[in-house]
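Quick look at query04.txt (compact mmCIF, C-alpha atoms):
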# COMPACT_ATOMS: atom_id res chain seq x y z
CA MET N 1 5.24 21.05 6.66
CA SER N 2 2.78 18.66 8.30
CA THR N 3 4.16 16.15 10.72
CA LYS N 4 2.53 12.98 9.37
CA GLY N 5 0.61 11.98 6.28
CA LEU N 6 -0.36 9.25 3.87
CA ALA N 7 0.85 8.67 0.32
CA VAL N 8 -0.93 6.39 -2.16
CA ILE N 9 0.89 4.87 -5.13
CA PRO N 10 -1.72 3.14 -7.31
CA GLY N 11 -1.08 0.69 -10.12
CA VAL N 12 -1.06 1.77 -13.75
CA GLN N 13 -4.00 3.98 -14.66
CA TRP N 14 -4.02 3.72 -18.45
CA SER N 15 -7.72 2.90 -18.75
CA SER N 16 -10.78 4.64 -17.37
CA ALA N 17 -11.59 1.46 -15.40
CA GLN N 18 -8.22 1.62 -13.66
CA ARG N 19 -8.63 5.32 -12.87
CA GLU N 20 -12.16 4.67 -11.56
CA ALA N 21 -10.82 1.85 -9.38
CA THR N 22 -8.30 4.23 -7.84
CA SER N 23 -11.00 6.83 -7.22
CA ALA N 24 -13.14 4.14 -5.59
CA PHE N 25 -10.24 3.05 -3.36
CA LEU N 26 -9.56 6.61 -2.23
CA ALA N 27 -13.27 7.16 -1.50
CA ALA N 28 -13.45 3.90 0.49
CA LEU N 29 -10.32 4.79 2.44
CA GLY N 30 -11.70 8.25 3.25
CA GLY N 31 -9.66 10.88 4.96
CA PRO N 32 -6.74 12.95 3.75
CA CYS N 33 -4.01 11.48 1.59
CA ARG N 34 -1.88 12.35 -1.42
CA CYS N 35 -2.04 10.15 -4.53
CA LEU N 36 0.51 9.74 -7.32
CA ALA N 37 -0.88 11.39 -10.45
CA ALA N 38 -2.67 9.10 -12.92
CA GLU N 39 -0.27 10.03 -15.73
CA ALA N 40 2.84 9.14 -13.70
CA ALA N 41 4.36 5.68 -14.12
CA PRO N 42 3.89 3.99 -10.73
CA TYR N 43 6.63 1.44 -11.49
CA SER N 44 9.19 4.20 -12.08
CA VAL N 45 11.53 4.60 -9.13
CA GLY N 46 12.31 8.15 -10.23
CA LYS N 47 8.64 9.17 -10.49
CA VAL N 48 7.82 7.67 -7.11
CA ARG N 49 10.78 9.40 -5.47
CA GLN N 50 9.82 12.71 -7.08
CA PHE N 51 6.27 12.28 -5.76
CA LEU N 52 7.45 11.39 -2.25
CA LEU N 53 9.81 14.37 -2.12
CA SER N 54 6.90 16.67 -3.02
CA LEU N 55 4.89 15.59 0.02
CA PRO N 56 4.45 18.08 2.86
CA PHE N 57 5.10 15.37 5.47
CA ALA N 58 8.09 14.59 7.65
CA GLU N 59 6.68 11.13 8.53
CA CYS N 60 4.74 9.14 5.98
CA GLY N 61 2.68 6.01 5.61
CA VAL N 62 2.61 4.53 2.10
CA ILE N 63 -0.09 2.43 0.44
CA ALA N 64 0.97 0.88 -2.87
CA PHE N 65 -0.98 -1.31 -5.30
CA SER N 66 0.23 -3.63 -8.05
CA ALA N 67 2.78 -1.78 -10.24
CA GLY N 68 2.89 0.85 -7.51
CA VAL N 69 4.47 -1.75 -5.23
CA VAL N 70 7.27 -2.14 -7.79
CA GLY N 71 7.94 1.60 -7.72
CA ALA N 72 7.68 1.83 -3.94
CA ALA N 73 10.02 -1.13 -3.39
CA GLY N 74 12.65 0.40 -5.64
CA ALA N 75 12.23 3.93 -4.34
CA LEU N 76 12.18 3.28 -0.61
CA THR N 77 15.77 2.17 -0.13
CA PRO N 78 17.64 2.98 3.08
CA GLY N 79 20.34 4.85 1.15
CA TRP N 80 17.89 7.12 -0.64
CA LEU N 81 15.80 7.72 2.47
CA ALA N 82 18.93 8.67 4.44
CA GLY N 83 19.45 11.58 2.05
CA THR N 84 15.93 12.95 2.57
CA ASN N 85 13.95 14.45 5.44
CA LEU N 86 11.28 11.76 4.94
CA GLN N 87 10.70 8.96 7.43
CA ILE N 88 8.58 6.04 6.22
CA LYS N 89 6.50 4.76 9.14
CA VAL N 90 4.76 1.87 7.33
CA LEU N 91 4.21 0.38 3.87
CA VAL N 92 0.96 -1.42 3.04
CA ALA N 93 1.43 -3.33 -0.22
CA LEU N 94 -1.68 -4.54 -2.04
CA ASP N 95 -1.07 -7.33 -4.57
CA GLY N 96 2.61 -6.63 -5.01
CA TRP N 97 3.33 -10.24 -5.92
CA PRO N 98 6.16 -11.29 -6.37
CA VAL N 99 8.01 -8.11 -5.34
CA PRO N 100 10.36 -8.77 -2.41
CA LEU N 101 9.65 -6.32 0.41
CA PHE N 102 12.42 -6.54 2.97
CA LYS N 103 12.61 -3.00 4.33
CA PRO N 104 13.90 -1.25 7.47
CA PHE N 105 10.32 -0.20 8.32
CA PRO N 106 7.15 -2.27 8.85
CA VAL N 107 5.64 -3.82 5.71
CA TYR N 108 2.19 -5.39 5.49
CA ARG N 109 0.93 -7.34 2.50
CA VAL N 110 -2.69 -7.44 1.37
CA SER N 111 -3.45 -10.16 -1.21
CA HIS N 112 -6.48 -10.88 -3.36
CA ASP N 113 -6.22 -14.65 -2.74
CA LEU N 114 -4.44 -17.31 -0.72
CA PHE N 115 -2.02 -18.28 -3.51
CA THR N 116 -0.73 -14.73 -3.88
CA HIS N 117 -0.41 -14.49 -0.10
CA GLN N 118 1.53 -17.74 0.22
CA THR N 119 3.93 -17.00 -2.65
CA SER N 120 4.80 -13.38 -1.82
CA PRO N 121 8.28 -12.92 -0.32
CA GLY N 122 8.62 -10.64 2.70
CA ARG N 123 5.06 -10.86 4.04
CA GLY N 124 5.92 -9.23 7.34
CA GLN N 125 4.62 -10.35 10.70
CA VAL N 126 0.94 -9.75 9.94
CA SER N 127 -0.77 -9.86 6.56
CA PHE N 128 -4.18 -10.21 4.93
CA TYR N 129 -5.60 -12.37 2.16
CA ALA N 130 -9.11 -12.36 0.72
CA ASP N 131 -11.20 -15.49 1.27
CA PRO N 132 -13.19 -16.03 -0.79
CA ALA N 133 -10.78 -14.71 -3.39
CA VAL N 134 -11.57 -11.51 -5.26
CA THR N 135 -10.06 -10.23 -8.48
CA HIS N 136 -6.92 -8.13 -8.46
CA LEU N 137 -8.82 -4.96 -9.39
CA GLU N 138 -11.70 -5.70 -6.97
CA LEU N 139 -9.23 -5.75 -4.08
CA TRP N 140 -8.25 -2.19 -5.04
CA SER N 141 -11.63 -0.78 -6.02
CA ALA N 142 -13.71 -2.29 -3.20
CA PRO N 143 -11.49 -3.14 -0.21
CA ALA N 144 -14.46 -3.09 2.18
CA HIS N 145 -16.02 -5.96 0.21
CA ALA N 146 -12.83 -8.04 0.19
CA GLN N 147 -13.45 -10.21 3.23
CA GLY N 148 -10.73 -12.53 4.41
CA TRP N 149 -8.14 -13.36 7.02
CA GLN N 150 -5.64 -11.34 8.96
CA VAL N 151 -2.88 -13.81 9.78
CA GLY N 152 0.49 -13.79 11.49
CA SER N 153 2.11 -13.52 14.90
CA GLY N 154 0.16 -16.58 16.02
CA THR N 155 -3.24 -15.05 15.31
CA GLN N 156 -5.92 -15.39 12.68
CA ARG N 157 -9.14 -13.38 12.46
CA ARG N 158 -11.81 -12.46 9.93
CA THR N 159 -11.80 -8.87 8.70
CA SER N 160 -12.01 -6.86 5.51
CA ALA N 161 -9.06 -5.57 3.52
CA LEU N 162 -10.17 -2.01 4.28
CA GLU N 163 -10.28 -2.55 8.04
CA PHE N 164 -6.92 -4.31 7.94
CA ILE N 165 -5.38 -1.35 6.06
CA ARG N 166 -6.91 1.26 8.35
CA GLU N 167 -5.78 -0.60 11.47
CA ARG N 168 -2.17 -0.80 10.23
CA LEU N 169 -2.11 2.90 9.35
CA ALA N 170 -3.60 3.88 12.71
CA GLU N 171 -1.09 1.67 14.50
CA TYR N 172 1.73 3.84 13.10
CA GLY N 173 -0.04 7.15 13.60
CA VAL N 174 -0.56 8.03 9.94
CA TRP N 175 -4.33 7.54 10.04
CA GLU N 176 -7.04 8.75 12.41
Show me the file's structure as structure tokens.
Amino acid sequence: MSTKGLAVIPGVQWSSAQREATSAFLAALGGPCRCLAAEAAPYSVGKVRQFLLSLPFAECGVIAFSAGVVGAAGALTPGWLAGTNLQIKVLVALDGWPVPLFKPFPVYRVSHDLFTHQTSPGRGQVSFYADPAVTHLELWSAPAHAQGWQVGSGTQRRTSALEFIRERLAEYGVWE
């Protein structure tokens, strides 16, 4: 079993465009990760838990998008995690509006626009929103092109969604 790794829980992948967007996100992210299968329901707590239990990691970073945030939020409860050998180091939630994300581990939100950012409960200490706004699917398929603002903890700086995500993962040792 590897010590640390990265799990990706995409949104629904019913259409070829959605599957292509997920492939584009994984290519942009680069590096090793495990992704929930396209045929699995990302909003299903049971499917997400089954996926997470299959991972060869003891410590895990999680990236979730859209409906995948719903599944991750429901699956990653302290009670369930206590009964596993899995430690969640960080959750990066892309466009999980309006899913509340109050967890016992660090959570970072990435939003496709300012409205989604401002109306998402449990933003965490630092978050990102695209400015100018991009579409929901563009945030996922082309995170390097989603330019915007990292905000929180008294700071604000321009960056891309991709750089924001990579920096958060590296901060918790689940990304090189």
- Item | Point-to-point distance in Å for atom CA of N:Glu167 and atom CA of N:Gln87 |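 We find that atom CA of N:Gln87 and atom CA of N:Glu167 lie 19.5 Å from each other.
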Do a neighbour search on N:Phe57 at 12 Å with all atoms listed in the file, toss out local chain neighbours closer than 6 positions, and write the hits as a tab-separated table (two decimals) with C-alpha atoms, keeping the file's coordinate frame.
chain	number	residue	atom	x	y	z
N	1	MET	CA	5.24	21.05	6.66
N	2	SER	CA	2.78	18.66	8.30
N	3	THR	CA	4.16	16.15	10.72
N	4	LYS	CA	2.53	12.98	9.37
N	5	GLY	CA	0.61	11.98	6.28
N	6	LEU	CA	-0.36	9.25	3.87
N	7	ALA	CA	0.85	8.67	0.32
N	33	CYS	CA	-4.01	11.48	1.59
N	34	ARG	CA	-1.88	12.35	-1.42
N	51	PHE	CA	6.27	12.28	-5.76
N	84	THR	CA	15.93	12.95	2.57
N	85	ASN	CA	13.95	14.45	5.44
N	86	LEU	CA	11.28	11.76	4.94
N	87	GLN	CA	10.70	8.96	7.43
N	88	ILE	CA	8.58	6.04	6.22
N	89	LYS	CA	6.50	4.76	9.14
N	174	VAL	CA	-0.56	8.03	9.94
Applying 12 Å and all atoms listed in the file, which residues near N:Ser16 remain after dropping the ones on its own chain fewer than 6 positions away? List them as a PDB file with C-alpha atoms, in the coordinates of the input.
ATOM      1  CA  THR N  22      -8.300   4.230  -7.840  1.00  0.00           C
ATOM      2  CA  SER N  23     -11.000   6.830  -7.220  1.00  0.00           C
ATOM      3  CA  ALA N  38      -2.670   9.100 -12.920  1.00  0.00           C
ATOM      4  CA  GLU N  39      -0.270  10.030 -15.730  1.00  0.00           C
TER       5      GLU N  39
END
- Query: Which residues, written as a list in words, have at least one atom at most 12 Å from N:Lys103, with all atoms listed in the file counted and residues fewer than 6 positions away on the same chain left out?
  - Reply: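 Listed by chain and then number, they are Ala72, Ala73, Gly74, Ala75, Leu76, Thr77, Pro78, Gly79, Leu81, Ile88, Lys89, Val90, Leu91, Val92, Pro121, Gly122, Arg123 and Gly124 of chain N.
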- Given the choices N:Gly68, N:Gly30, N:Pro98, N:Pro56, which gets closest to N:Thr119 if the distance is worked out from only C-alpha atoms?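 Nearest to N:Thr119: N:Pro98.
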- Could you tell me which of N:Phe102, N:Trp140, N:Trp80, N:Tyr172 comes closest to N:Ala27 if we count only C-alpha atoms? N:Trp140
- Query: By how many Å are atom CA of N:Glu176 and atom CA of N:Ile9 apart?
  - Reply: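 Those two atoms sit 19.6 Å apart.
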- Task: Mind listing whatever residues come within 8 Å of the point (-11.3, -16.4, -0.7)? Use all atoms listed in the file, file coordinates, and give them as a ChimeraX atom specification.
- Result: /N:112-114,129-134,147-148
- Interatomic distance (Å, one decimal) between atom CA of N:Gly46 and atom CA of N:Phe25: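 Interatomic distance here is 24.1 Å.
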